[in-house]
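Trainee: First the structure, then my questions, so here it is.
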Amino acid sequence: MTALLPARLRPSSSPRRAPRRRRRGVPVAERIALVVVVLIIVIAIIGPWIAPYDPYRVDLAQALQPPSAAHWFGTDVNGRDVLSRVLVGAQVTLSATGIVLLITLVIGVIVGTVAALGGRVVDEVLMRITDIGLALPSIILALGFAVALGPGLQSAVVAIAATWWPGYARLVRSIVRETRHAEFVESAVALGVSRWRLVTKHILPNSLDPMYVQVTLDVAAVMLVISGLSFVGVGAQVPSAEWGAMIASAADNVLNGWWALVFPGLAIAITAIAFNLSGDWLRVRQDPTLRDGGAR
Amino acid sequence: MSLLAVTEVTKRFAGQHAPAVDSVSFTLERGSALGLVGESGSGKSTTARLVAGLIKPDAGSVVLDGTELVGAPRATLQAARRELQFVFQDPFSSLNPRMRVSELVGEGLLVHGIERDAAKRRDRVVETLESVGLDSSHLDRYPRSFSGGQRQRIAIARAIAVRPRVLICDEPVSSLDVSVQAQVLNLLGDLREKLDLALLFIAHDLAVVRYLCDRVAVMNGGRIVEIGSRDQVYEHPQDAYTRALLDAVPVPDPARERARRSALAASRSVTAPGVNS
């Protein structure tokens, strides 16, 4: 009877091994991703010291040199060393991303938790404000901020944070609403804990796991928006070594200087993939119900 | 004066016609054990939560040692919880998965300001753990590394650490393996004697209540249909529902069970309630 089935539907004669995640240790792809994330963070911190050249020094005599021993990633249209700019750019891009996510997380957790626990009126008001935030496209807002504050990375950071937190507030609200009804929360109430302790010790620690994962996954997304805003000209400004801005200024010479565009692009891609994979791994690791093979 | 006096407590949940709990009254004396039995949906768990102040009743009064709890300010209710603790049905969901045993059991001592010094609190936690059959080697472990019976012991330790005078147990053994049910019941019986605890014991298992409680209240449709001493209720049930409930309990002897069933079928005038397992 099994012969009638196509091969892929037949019950496998040799049962496949358990998915690799269930094995001990960190799977290979995630392990590489974690190393890369650590490496990127280290570069973001020490980038300015390890850069072989001054990333901002214009030397038109050296313009558009292809990759070589002297300039591993080549030089851009202004003769600046692309490797140095990518290294320094890690700091610019990642710190901007980090600030956006920090603001987002703090506002999101506070608004989401208050909305979930504060009663119907508070919830309604906060969620309508959240809707307003969600309705604003970050590019338009960034353009507005650029006009008001002058274009720059700060405007981009404020604009993205302003449009990004509502998603977090929603997520936190829905998780907290669920956690609030967990029996261990009722048990804490029955024990007689204070409201503050109930929220900080019982509800939030059991609600924030998905947030850490979300943050790690959002590193890539926020970074892309920052780079995108820089690319269209309302984010980081010349001569900043922000990766998106670098791509923007290299775009004109893509045919005779592809390296000035490809290397910052690769930096963005590798960072995004590494953070996504790490976020996935974090999720599995952080969940106490999945860790050290707990009962149940 | 009774330690705990519940008078005419009523609760109707939004969107339901019949009240879940309808004018329920009973008292609990110091060191005594009252069993609350009934089929599922009879309102016994809701009653337990109303008494513990986890749900606000629509009407009625709950007086603990002279203090009215219904409508009391948060602080009063919180203080009363030092005297009145709760053990939940499912120890797999009633323990915060992110707290170690030492924190779970010590939390009451901390939040009620009974033992502020961390080292002394730890000593009392160990003492409490030992009284429920666990020991100090379990202190730094998380609930996930314990079996159901052990978890329920942790939950009991958590509740009795503050030395309450009333312990409400909402079906504390019904989610456990039969083999550990007896152990946990014995533990509760021992603790009751040792700590002079008053127990409000909710169960659908009549045998369990008979074993542990000296008074029994039978609930049906949100009302207490019969309340009395254990022997009175089990030997001479007055209410038709109580009789039906008792008749629905199978006898662990095939010959007697057959005779019982045919006698029951012959005289079936009351429809037996569906007693769930």
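Chain labels run A, B, ... following the order of the structure tokens; each chain numbers its residues from 1, and ligands are numbered from 1 in the order shown.
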Can you check which parts of chain A lie within 7 Å of chain B? Per residue, the shortest pair of atoms and distance in Å to one decimal, counting only C-alpha atoms, sorted by chain and number, as a Markdown table.
Mentor:
| residue | atom | partner | partner_atom | distance |
| --- | --- | --- | --- | --- |
| A:Glu183 | CA | B:Ser94 | CA | 4.8 |
| A:Phe184 | CA | B:Ser94 | CA | 4.0 |
| A:Ser187 | CA | B:Ser94 | CA | 6.0 |
| A:Ala190 | CA | B:Phe86 | CA | 6.3 |
| A:Leu191 | CA | B:Gly108 | CA | 6.2 |
| A:Gly192 | CA | B:Gln78 | CA | 4.9 |
| A:Val193 | CA | B:Val111 | CA | 5.8 |
| A:His202 | CA | B:Asn96 | CA | 6.8 |
| A:Gly294 | CA | B:Arg144 | CA | 5.1 |
| A:Ala295 | CA | B:Arg144 | CA | 5.5 |
Trainee: Print the selection's residues with C-alpha atoms to a file, as a PDB file, in the first residue's frame.
Mentor:
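Below is the file part.pdb, written as the result:
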ATOM      1  CA  GLU A 183      -2.810  30.971  37.225  1.00  0.00           C
ATOM      2  CA  PHE A 184       0.543  31.870  38.757  1.00  0.00           C
ATOM      3  CA  SER A 187      -1.600  32.730  42.844  1.00  0.00           C
ATOM      4  CA  ALA A 190      -3.789  35.243  46.541  1.00  0.00           C
ATOM      5  CA  LEU A 191      -0.448  35.257  48.304  1.00  0.00           C
ATOM      6  CA  GLY A 192      -0.810  38.998  48.832  1.00  0.00           C
ATOM      7  CA  VAL A 193       1.885  40.603  46.671  1.00  0.00           C
ATOM      8  CA  HIS A 202       5.322  37.929  37.837  1.00  0.00           C
ATOM      9  CA  GLY A 294      12.343  20.423  31.861  1.00  0.00           C
ATOM     10  CA  ALA A 295       9.523  18.129  32.895  1.00  0.00           C
TER      11      ALA A 295
END
Trainee: Skipping near chain neighbours, those fewer than 4 positions away, what residues fall within 9 Å of Ala274 in chain A using only C-alpha atoms, listed as a list in words?
Mentor: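 Result of the neighbour search: Glu30, Ile32, Ala33, Leu34, Val35, Val36, Val37, Ala220, Ala269, Ile270, Ser278 and Gly279 of chain A.
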Trainee: Taking only C-alpha atoms into account, produce a table as CSV in which each residue of range 79-102 of chain A with an atom at most 10 Å from an atom of range 48-67 of chain A appears once, together with its shortest atom pair and the distance in Å to one decimal, ordered by chain and rising number.
Mentor:
residue,atom,partner,partner_atom,distance
A:Gly79,CA,A:Ala63,CA,3.7
A:Arg80,CA,A:Val58,CA,5.7
A:Asp81,CA,A:Pro55,CA,6.1
A:Val82,CA,A:Pro55,CA,7.6
A:Leu83,CA,A:Ala51,CA,7.3
A:Ser84,CA,A:Ala51,CA,4.5
A:Arg85,CA,A:Pro55,CA,4.9
A:Val86,CA,A:Pro55,CA,8.6
A:Leu87,CA,A:Ala51,CA,6.3
A:Val88,CA,A:Pro48,CA,5.4
A:Gly89,CA,A:Pro48,CA,9.1
A:Ala90,CA,A:Pro48,CA,9.7
A:Gln91,CA,A:Pro48,CA,8.4
Trainee: In Å, with one decimal, what is the gap from CA of Val101 in chain B to CA of Ile154 in chain B?
Mentor: 7.2 Å
Trainee: Which residue, B:Leu34, B:Ile227, B:Val9, B:Leu139, has the smallest gap to Arg122 in chain B when you use only C-alpha atoms?
Mentor: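 Of the candidates, the smallest distance to Arg122 in chain B is held by B:Leu139.
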Trainee: Range 63-117 of chain B: which residues are helix (DSSP H, G or I) by DSSP, as a list in words?
Mentor: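 The helix (DSSP H, G or I) subset of range 63-117 of chain B is Arg74, Ala75, Thr76, Leu77, Gln78, Ala79, Ala80, Val101, Ser102, Glu103, Leu104, Val105, Gly106, Glu107, Gly108, Leu109, Leu110 and Val111 of chain B.
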Trainee: How many Å separate CA of Ala142 in chain A from CA of Ala156 in chain A?
Mentor: 5.5 Å
Trainee: Identify which of the residues A:Val232, A:Met223, A:Val213, A:Thr163 lies closest to Ala248 in chain A, counting only C-alpha atoms when measuring atom-to-atom distances.
Mentor: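 Of A:Val232, A:Met223, A:Val213, A:Thr163, the one nearest Ala248 in chain A, counting only C-alpha atoms, is A:Val232.
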Trainee: Quick one: pull the distance between CA of Lys120 in chain B and CA of Leu199 in chain B, Å, one decimal.
Mentor: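 One can read the CA of Lys120 in chain B to CA of Leu199 in chain B distance as 28.0 Å.
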Trainee: Go through A:Val111, A:Val42, A:Val234, A:Ala267 one by one, measure the shortest atom-to-atom distance of each to Gly144 in chain A using only C-alpha atoms, and give the residue with the smallest value.
Mentor: A:Val234
